[in-house]
Amino acid sequence: MDVTIKDTKEKPMLDRGYVISIVIKNFKQHKDVEVHLFRPKWDVEEYSMYDWPELIGNPIPEAKEIDPISSRKVLLETFNDREKEIIVEYLKERYKTRLKEIRISTLSFPIPLGLVGLSEIEPQGTIGIIKFEEIPNYPLDFSFHGIYDLSRHPEIK
């Protein structure tokens with residue numbers, strides 16, 4: 001399994017900002033399925049501690065409806081350094097034979113207004129959510145989820 005770290009020569013400008021995705025070799029009869037990991041919840045204190053006008057940029061030109069709260073979730077769903085390290089070690093140990101790659105990068109700022117948090121996407125059709133904390137023997141003290149779209153990956157024949 002490869003662990004790829006890109007754009008992380010420096011820590012994010014905030015405590016939070018690490019983005020993690022994994023590639024599962026075989027998942028639900030599909031090959032090399034990319035799963036984007038995210039934090040599904042946070043507390044009110046954390047939400048209120050950020051200077052949102054500094055962190056959220058101009059609107060995405062193609063955005064039809066813009067919800068500034070949803071754009072803020074993009075940051076809140078990312079991981080801090082401690083969470084990133086714990087998740088990577090957990091995945092390397094527990095899923096070492098099932099994962100092809102772990103990818104880590106940092107969020108770019110400012111976050112475009114109109115960008116939607118992963119927790120806003122409803123699972124339907126080929127889009128699904130993995131709730132890692134619901135997997136038996138989950139040992140971490142925080143939860144994280146993963147979202148995938150099977151239509152983007154070839155079926156195993």
# chains A, B, ... in the order shown; residues from 1 in each chain; ligands from 1
call {"tool": "select_by_dssp", "arguments": {"residues": "chain A", "states": "strand (DSSP E)", "output": "PyMOL selection string"}}
result
chain A and resi 2-5+16-27+30-38+56-59+79-80+99-106+111-113+127-131+145-149
call {"tool": "residues_around", "arguments": {"residues": "Ile156 in chain A", "least_positions_apart": "6", "cutoff": "12 Å", "atoms": "only C-alpha atoms", "output": "short mmCIF file (atom, residue, chain, number, x, y, z; two decimals) with N, CA, C and O atoms, in the first residue's frame"}}
result
data_model
loop_
_atom_site.label_atom_id
_atom_site.label_comp_id
_atom_site.auth_asym_id
_atom_site.auth_seq_id
_atom_site.Cartn_x
_atom_site.Cartn_y
_atom_site.Cartn_z
N LYS A 25 -8.88 -1.63 -3.03
CA LYS A 25 -8.59 -2.49 -4.19
C LYS A 25 -9.86 -3.08 -4.80
O LYS A 25 -10.06 -3.02 -6.01
N ASN A 26 -10.68 -3.71 -3.96
CA ASN A 26 -11.94 -4.32 -4.41
C ASN A 26 -13.03 -3.96 -3.42
O ASN A 26 -12.92 -4.28 -2.23
N PHE A 27 -14.09 -3.31 -3.92
CA PHE A 27 -15.17 -2.86 -3.03
C PHE A 27 -16.49 -2.94 -3.78
O PHE A 27 -16.65 -2.31 -4.83
N LYS A 28 -17.40 -3.74 -3.25
CA LYS A 28 -18.74 -3.88 -3.83
C LYS A 28 -18.67 -4.19 -5.33
O LYS A 28 -19.35 -3.58 -6.15
N GLN A 29 -17.81 -5.14 -5.66
CA GLN A 29 -17.63 -5.62 -7.04
C GLN A 29 -17.07 -4.55 -7.99
O GLN A 29 -17.28 -4.60 -9.19
N HIS A 30 -16.34 -3.58 -7.45
CA HIS A 30 -15.68 -2.56 -8.25
C HIS A 30 -14.21 -2.51 -7.87
O HIS A 30 -13.84 -2.81 -6.75
N LYS A 31 -13.39 -2.11 -8.84
CA LYS A 31 -11.94 -2.08 -8.66
C LYS A 31 -11.45 -0.67 -8.37
O LYS A 31 -11.91 0.30 -8.97
N ASP A 32 -10.49 -0.57 -7.44
CA ASP A 32 -9.82 0.68 -7.12
C ASP A 32 -10.80 1.83 -6.83
O ASP A 32 -10.76 2.89 -7.45
N VAL A 33 -11.64 1.61 -5.84
CA VAL A 33 -12.67 2.59 -5.49
C VAL A 33 -12.07 3.68 -4.58
O VAL A 33 -11.52 3.39 -3.52
N LEU A 150 -19.55 4.56 -6.94
CA LEU A 150 -19.14 3.36 -7.68
C LEU A 150 -19.19 3.56 -9.20
O LEU A 150 -18.49 2.87 -9.93
#
call {"tool": "residues_around", "arguments": {"residues": "range 105-114 of chain A", "least_positions_apart": "4", "cutoff": "12 Å", "atoms": "only C-alpha atoms", "output": "ChimeraX atom specification"}}
result
/A:3-22,36-37,51-81,84
call {"tool": "write_last_selection", "arguments": {"atoms": "C-alpha atoms", "output": "PDB file, in the first residue's frame"}}
result
ATOM      1  CA  VAL A   3       0.801   6.458   1.389  1.00  0.00           C
ATOM      2  CA  THR A   4       0.968   9.585  -0.757  1.00  0.00           C
ATOM      3  CA  ILE A   5       1.367  12.950   0.902  1.00  0.00           C
ATOM      4  CA  LYS A   6       1.134  15.923  -1.420  1.00  0.00           C
ATOM      5  CA  ASP A   7       0.984  19.653  -0.813  1.00  0.00           C
ATOM      6  CA  THR A   8       1.822  19.168   2.855  1.00  0.00           C
ATOM      7  CA  LYS A   9       5.323  20.610   3.011  1.00  0.00           C
ATOM      8  CA  GLU A  10       3.857  23.030   5.495  1.00  0.00           C
ATOM      9  CA  LYS A  11       1.090  22.447   7.974  1.00  0.00           C
ATOM     10  CA  PRO A  12      -2.282  23.975   7.113  1.00  0.00           C
ATOM     11  CA  MET A  13      -2.714  27.583   8.185  1.00  0.00           C
ATOM     12  CA  LEU A  14      -5.241  26.384  10.764  1.00  0.00           C
ATOM     13  CA  ASP A  15      -5.320  23.479  13.197  1.00  0.00           C
ATOM     14  CA  ARG A  16      -7.618  21.755  10.727  1.00  0.00           C
ATOM     15  CA  GLY A  17      -7.211  21.331   6.981  1.00  0.00           C
ATOM     16  CA  TYR A  18      -5.910  17.846   6.157  1.00  0.00           C
ATOM     17  CA  VAL A  19      -7.853  16.024   3.460  1.00  0.00           C
ATOM     18  CA  ILE A  20      -7.617  12.224   3.250  1.00  0.00           C
ATOM     19  CA  SER A  21      -8.801   9.782   0.616  1.00  0.00           C
ATOM     20  CA  ILE A  22      -8.203   6.067   0.245  1.00  0.00           C
ATOM     21  CA  HIS A  36     -13.053  10.546   0.425  1.00  0.00           C
ATOM     22  CA  LEU A  37     -12.876  10.642   4.213  1.00  0.00           C
ATOM     23  CA  ASP A  51     -12.811  33.882  11.054  1.00  0.00           C
ATOM     24  CA  TRP A  52     -15.140  32.791   8.253  1.00  0.00           C
ATOM     25  CA  PRO A  53     -14.925  35.968   6.129  1.00  0.00           C
ATOM     26  CA  GLU A  54     -11.155  35.368   5.857  1.00  0.00           C
ATOM     27  CA  LEU A  55     -11.549  31.664   5.032  1.00  0.00           C
ATOM     28  CA  ILE A  56     -14.376  31.748   2.477  1.00  0.00           C
ATOM     29  CA  GLY A  57     -13.635  33.289  -0.903  1.00  0.00           C
ATOM     30  CA  ASN A  58     -15.540  34.326  -3.985  1.00  0.00           C
ATOM     31  CA  PRO A  59     -18.494  32.290  -5.227  1.00  0.00           C
ATOM     32  CA  ILE A  60     -18.077  29.467  -7.704  1.00  0.00           C
ATOM     33  CA  PRO A  61     -19.349  30.888 -11.028  1.00  0.00           C
ATOM     34  CA  GLU A  62     -21.447  27.812 -11.846  1.00  0.00           C
ATOM     35  CA  ALA A  63     -23.072  27.583  -8.401  1.00  0.00           C
ATOM     36  CA  LYS A  64     -26.849  27.918  -8.716  1.00  0.00           C
ATOM     37  CA  GLU A  65     -27.654  28.191  -5.032  1.00  0.00           C
ATOM     38  CA  ILE A  66     -25.101  29.329  -2.506  1.00  0.00           C
ATOM     39  CA  ASP A  67     -25.281  28.286   1.118  1.00  0.00           C
ATOM     40  CA  PRO A  68     -22.430  29.824   3.136  1.00  0.00           C
ATOM     41  CA  ILE A  69     -22.994  27.313   5.950  1.00  0.00           C
ATOM     42  CA  SER A  70     -22.376  24.423   3.568  1.00  0.00           C
ATOM     43  CA  SER A  71     -19.150  26.025   2.345  1.00  0.00           C
ATOM     44  CA  ARG A  72     -17.962  26.256   5.955  1.00  0.00           C
ATOM     45  CA  LYS A  73     -18.513  22.521   6.365  1.00  0.00           C
ATOM     46  CA  VAL A  74     -15.742  21.949   3.812  1.00  0.00           C
ATOM     47  CA  LEU A  75     -13.236  23.079   6.463  1.00  0.00           C
ATOM     48  CA  LEU A  76     -15.021  21.536   9.444  1.00  0.00           C
ATOM     49  CA  GLU A  77     -15.015  18.116   7.751  1.00  0.00           C
ATOM     50  CA  THR A  78     -11.222  18.061   7.392  1.00  0.00           C
ATOM     51  CA  PHE A  79      -8.841  16.555   9.927  1.00  0.00           C
ATOM     52  CA  ASN A  80      -6.280  18.062  12.263  1.00  0.00           C
ATOM     53  CA  ASP A  81      -2.724  16.715  12.489  1.00  0.00           C
ATOM     54  CA  LYS A  84      -4.711  12.525  10.393  1.00  0.00           C
TER      55      LYS A  84
END
call {"tool": "atom_distance", "arguments": {"atom1": "CA of Arg98 in chain A", "atom2": "CA of Glu122 in chain A"}}
result
25.5 Å
call {"tool": "select_by_dssp", "arguments": {"residues": "range 21-143 of chain A", "states": "helix (DSSP H, G or I)", "output": "PDB file with N, CA, C and O atoms, in the first residue's frame"}}
result
ATOM      1  N   VAL A  44     -20.108  23.204  18.506  1.00  0.00           N
ATOM      2  CA  VAL A  44     -20.442  24.604  18.258  1.00  0.00           C
ATOM      3  C   VAL A  44     -19.251  25.519  18.535  1.00  0.00           C
ATOM      4  O   VAL A  44     -19.026  26.484  17.798  1.00  0.00           O
ATOM      5  N   GLU A  45     -18.482  25.206  19.566  1.00  0.00           N
ATOM      6  CA  GLU A  45     -17.323  26.043  19.896  1.00  0.00           C
ATOM      7  C   GLU A  45     -16.326  26.086  18.739  1.00  0.00           C
ATOM      8  O   GLU A  45     -15.772  27.128  18.422  1.00  0.00           O
ATOM      9  N   GLU A  46     -16.103  24.929  18.134  1.00  0.00           N
ATOM     10  CA  GLU A  46     -15.164  24.901  17.009  1.00  0.00           C
ATOM     11  C   GLU A  46     -15.698  25.718  15.841  1.00  0.00           C
ATOM     12  O   GLU A  46     -14.973  26.480  15.213  1.00  0.00           O
ATOM     13  N   TYR A  47     -16.969  25.564  15.559  1.00  0.00           N
ATOM     14  CA  TYR A  47     -17.586  26.294  14.452  1.00  0.00           C
ATOM     15  C   TYR A  47     -17.419  27.805  14.638  1.00  0.00           C
ATOM     16  O   TYR A  47     -17.126  28.529  13.684  1.00  0.00           O
ATOM     17  N   SER A  48     -17.578  28.268  15.860  1.00  0.00           N
ATOM     18  CA  SER A  48     -17.555  29.712  16.108  1.00  0.00           C
ATOM     19  C   SER A  48     -16.147  30.292  16.264  1.00  0.00           C
ATOM     20  O   SER A  48     -15.985  31.507  16.298  1.00  0.00           O
ATOM     21  N   TRP A  52     -14.579  33.267   9.524  1.00  0.00           N
ATOM     22  CA  TRP A  52     -15.140  32.791   8.253  1.00  0.00           C
ATOM     23  C   TRP A  52     -14.967  33.760   7.092  1.00  0.00           C
ATOM     24  O   TRP A  52     -14.661  33.325   5.975  1.00  0.00           O
ATOM     25  N   PRO A  53     -15.132  35.068   7.274  1.00  0.00           N
ATOM     26  CA  PRO A  53     -14.925  35.968   6.129  1.00  0.00           C
ATOM     27  C   PRO A  53     -13.519  35.864   5.525  1.00  0.00           C
ATOM     28  O   PRO A  53     -13.336  36.072   4.328  1.00  0.00           O
ATOM     29  N   GLU A  54     -12.526  35.529   6.352  1.00  0.00           N
ATOM     30  CA  GLU A  54     -11.155  35.368   5.857  1.00  0.00           C
ATOM     31  C   GLU A  54     -10.954  34.021   5.156  1.00  0.00           C
ATOM     32  O   GLU A  54     -10.080  33.889   4.305  1.00  0.00           O
ATOM     33  N   LEU A  55     -11.753  33.029   5.530  1.00  0.00           N
ATOM     34  CA  LEU A  55     -11.549  31.664   5.032  1.00  0.00           C
ATOM     35  C   LEU A  55     -12.374  31.321   3.799  1.00  0.00           C
ATOM     36  O   LEU A  55     -12.038  30.403   3.064  1.00  0.00           O
ATOM     37  N   PRO A  68     -23.729  29.602   2.480  1.00  0.00           N
ATOM     38  CA  PRO A  68     -22.430  29.824   3.136  1.00  0.00           C
ATOM     39  C   PRO A  68     -22.149  28.828   4.255  1.00  0.00           C
ATOM     40  O   PRO A  68     -20.998  28.506   4.521  1.00  0.00           O
ATOM     41  N   ILE A  69     -23.185  28.306   4.887  1.00  0.00           N
ATOM     42  CA  ILE A  69     -22.994  27.313   5.950  1.00  0.00           C
ATOM     43  C   ILE A  69     -22.402  26.037   5.366  1.00  0.00           C
ATOM     44  O   ILE A  69     -21.490  25.442   5.926  1.00  0.00           O
ATOM     45  N   SER A  70     -22.898  25.624   4.215  1.00  0.00           N
ATOM     46  CA  SER A  70     -22.376  24.423   3.568  1.00  0.00           C
ATOM     47  C   SER A  70     -20.912  24.598   3.184  1.00  0.00           C
ATOM     48  O   SER A  70     -20.109  23.673   3.331  1.00  0.00           O
ATOM     49  N   SER A  71     -20.549  25.773   2.709  1.00  0.00           N
ATOM     50  CA  SER A  71     -19.150  26.025   2.345  1.00  0.00           C
ATOM     51  C   SER A  71     -18.245  25.951   3.568  1.00  0.00           C
ATOM     52  O   SER A  71     -17.100  25.521   3.477  1.00  0.00           O
ATOM     53  N   ARG A  72     -18.738  26.340   4.720  1.00  0.00           N
ATOM     54  CA  ARG A  72     -17.962  26.256   5.955  1.00  0.00           C
ATOM     55  C   ARG A  72     -17.718  24.806   6.362  1.00  0.00           C
ATOM     56  O   ARG A  72     -16.694  24.481   6.956  1.00  0.00           O
ATOM     57  N   LYS A  73     -18.654  23.939   6.024  1.00  0.00           N
ATOM     58  CA  LYS A  73     -18.513  22.521   6.365  1.00  0.00           C
ATOM     59  C   LYS A  73     -17.306  21.904   5.666  1.00  0.00           C
ATOM     60  O   LYS A  73     -16.739  20.930   6.148  1.00  0.00           O
ATOM     61  N   VAL A  74     -16.915  22.461   4.531  1.00  0.00           N
ATOM     62  CA  VAL A  74     -15.742  21.949   3.812  1.00  0.00           C
ATOM     63  C   VAL A  74     -14.530  21.948   4.739  1.00  0.00           C
ATOM     64  O   VAL A  74     -13.780  20.976   4.804  1.00  0.00           O
ATOM     65  N   LEU A  75     -14.338  23.018   5.503  1.00  0.00           N
ATOM     66  CA  LEU A  75     -13.236  23.079   6.463  1.00  0.00           C
ATOM     67  C   LEU A  75     -13.511  22.187   7.672  1.00  0.00           C
ATOM     68  O   LEU A  75     -12.643  21.424   8.098  1.00  0.00           O
ATOM     69  N   LEU A  76     -14.697  22.274   8.225  1.00  0.00           N
ATOM     70  CA  LEU A  76     -15.021  21.536   9.444  1.00  0.00           C
ATOM     71  C   LEU A  76     -14.936  20.023   9.258  1.00  0.00           C
ATOM     72  O   LEU A  76     -14.702  19.290  10.211  1.00  0.00           O
ATOM     73  N   ASP A  81      -3.932  17.540  12.601  1.00  0.00           N
ATOM     74  CA  ASP A  81      -2.724  16.715  12.489  1.00  0.00           C
ATOM     75  C   ASP A  81      -2.838  15.428  13.307  1.00  0.00           C
ATOM     76  O   ASP A  81      -2.490  14.347  12.824  1.00  0.00           O
ATOM     77  N   ARG A  82      -3.337  15.523  14.522  1.00  0.00           N
ATOM     78  CA  ARG A  82      -3.497  14.342  15.386  1.00  0.00           C
ATOM     79  C   ARG A  82      -4.454  13.333  14.753  1.00  0.00           C
ATOM     80  O   ARG A  82      -4.151  12.145  14.655  1.00  0.00           O
ATOM     81  N   GLU A  83      -5.615  13.800  14.306  1.00  0.00           N
ATOM     82  CA  GLU A  83      -6.601  12.909  13.689  1.00  0.00           C
ATOM     83  C   GLU A  83      -6.031  12.256  12.435  1.00  0.00           C
ATOM     84  O   GLU A  83      -6.223  11.056  12.207  1.00  0.00           O
ATOM     85  N   LYS A  84      -5.318  13.056  11.629  1.00  0.00           N
ATOM     86  CA  LYS A  84      -4.711  12.525  10.393  1.00  0.00           C
ATOM     87  C   LYS A  84      -3.772  11.374  10.709  1.00  0.00           C
ATOM     88  O   LYS A  84      -3.846  10.303  10.097  1.00  0.00           O
ATOM     89  N   GLU A  85      -2.873  11.580  11.675  1.00  0.00           N
ATOM     90  CA  GLU A  85      -1.911  10.539  12.035  1.00  0.00           C
ATOM     91  C   GLU A  85      -2.606   9.286  12.564  1.00  0.00           C
ATOM     92  O   GLU A  85      -2.238   8.164  12.207  1.00  0.00           O
ATOM     93  N   ILE A  86      -3.612   9.467  13.406  1.00  0.00           N
ATOM     94  CA  ILE A  86      -4.341   8.326  13.975  1.00  0.00           C
ATOM     95  C   ILE A  86      -5.077   7.561  12.891  1.00  0.00           C
ATOM     96  O   ILE A  86      -5.042   6.324  12.851  1.00  0.00           O
ATOM     97  N   ILE A  87      -5.733   8.271  11.978  1.00  0.00           N
ATOM     98  CA  ILE A  87      -6.475   7.613  10.891  1.00  0.00           C
ATOM     99  C   ILE A  87      -5.523   6.841   9.988  1.00  0.00           C
ATOM    100  O   ILE A  87      -5.796   5.690   9.628  1.00  0.00           O
ATOM    101  N   VAL A  88      -4.414   7.448   9.614  1.00  0.00           N
ATOM    102  CA  VAL A  88      -3.463   6.768   8.730  1.00  0.00           C
ATOM    103  C   VAL A  88      -2.943   5.486   9.382  1.00  0.00           C
ATOM    104  O   VAL A  88      -2.904   4.423   8.756  1.00  0.00           O
ATOM    105  N   GLU A  89      -2.561   5.549  10.644  1.00  0.00           N
ATOM    106  CA  GLU A  89      -2.068   4.346  11.336  1.00  0.00           C
ATOM    107  C   GLU A  89      -3.160   3.287  11.448  1.00  0.00           C
ATOM    108  O   GLU A  89      -2.904   2.098  11.250  1.00  0.00           O
ATOM    109  N   TYR A  90      -4.359   3.713  11.770  1.00  0.00           N
ATOM    110  CA  TYR A  90      -5.501   2.788  11.864  1.00  0.00           C
ATOM    111  C   TYR A  90      -5.750   2.088  10.523  1.00  0.00           C
ATOM    112  O   TYR A  90      -5.874   0.866  10.458  1.00  0.00           O
ATOM    113  N   LEU A  91      -5.785   2.856   9.446  1.00  0.00           N
ATOM    114  CA  LEU A  91      -6.028   2.280   8.120  1.00  0.00           C
ATOM    115  C   LEU A  91      -4.898   1.351   7.694  1.00  0.00           C
ATOM    116  O   LEU A  91      -5.143   0.277   7.142  1.00  0.00           O
ATOM    117  N   LYS A  92      -3.657   1.758   7.945  1.00  0.00           N
ATOM    118  CA  LYS A  92      -2.506   0.927   7.572  1.00  0.00           C
ATOM    119  C   LYS A  92      -2.525  -0.403   8.316  1.00  0.00           C
ATOM    120  O   LYS A  92      -2.166  -1.436   7.754  1.00  0.00           O
ATOM    121  N   GLU A  93      -2.937  -0.371   9.569  1.00  0.00           N
ATOM    122  CA  GLU A  93      -2.958  -1.591  10.363  1.00  0.00           C
ATOM    123  C   GLU A  93      -4.178  -2.469  10.047  1.00  0.00           C
ATOM    124  O   GLU A  93      -4.043  -3.656   9.779  1.00  0.00           O
ATOM    125  N   ARG A  94      -5.333  -1.876  10.053  1.00  0.00           N
ATOM    126  CA  ARG A  94      -6.565  -2.661   9.926  1.00  0.00           C
ATOM    127  C   ARG A  94      -6.873  -3.075   8.489  1.00  0.00           C
ATOM    128  O   ARG A  94      -7.444  -4.137   8.258  1.00  0.00           O
ATOM    129  N   LEU A 118     -18.926  17.359   2.053  1.00  0.00           N
ATOM    130  CA  LEU A 118     -19.233  15.963   1.721  1.00  0.00           C
ATOM    131  C   LEU A 118     -20.406  15.434   2.533  1.00  0.00           C
ATOM    132  O   LEU A 118     -21.166  14.592   2.047  1.00  0.00           O
ATOM    133  N   SER A 119     -20.579  15.927   3.746  1.00  0.00           N
ATOM    134  CA  SER A 119     -21.690  15.479   4.577  1.00  0.00           C
ATOM    135  C   SER A 119     -23.035  15.932   4.028  1.00  0.00           C
ATOM    136  O   SER A 119     -24.077  15.448   4.448  1.00  0.00           O
ATOM    137  N   GLU A 120     -23.032  16.838   3.072  1.00  0.00           N
ATOM    138  CA  GLU A 120     -24.263  17.334   2.448  1.00  0.00           C
ATOM    139  C   GLU A 120     -24.750  16.410   1.330  1.00  0.00           C
ATOM    140  O   GLU A 120     -25.877  16.526   0.881  1.00  0.00           O
ATOM    141  N   PHE A 132     -17.223   4.457   9.437  1.00  0.00           N
ATOM    142  CA  PHE A 132     -16.176   3.621  10.021  1.00  0.00           C
ATOM    143  C   PHE A 132     -16.433   3.289  11.484  1.00  0.00           C
ATOM    144  O   PHE A 132     -16.125   2.189  11.938  1.00  0.00           O
ATOM    145  N   GLU A 133     -17.022   4.225  12.228  1.00  0.00           N
ATOM    146  CA  GLU A 133     -17.268   3.967  13.649  1.00  0.00           C
ATOM    147  C   GLU A 133     -18.310   2.879  13.883  1.00  0.00           C
ATOM    148  O   GLU A 133     -18.427   2.360  14.991  1.00  0.00           O
ATOM    149  N   GLU A 134     -19.064   2.503  12.855  1.00  0.00           N
ATOM    150  CA  GLU A 134     -20.054   1.429  12.991  1.00  0.00           C
ATOM    151  C   GLU A 134     -19.477   0.052  12.663  1.00  0.00           C
ATOM    152  O   GLU A 134     -20.146  -0.951  12.829  1.00  0.00           O
TER     153      GLU A 134
END
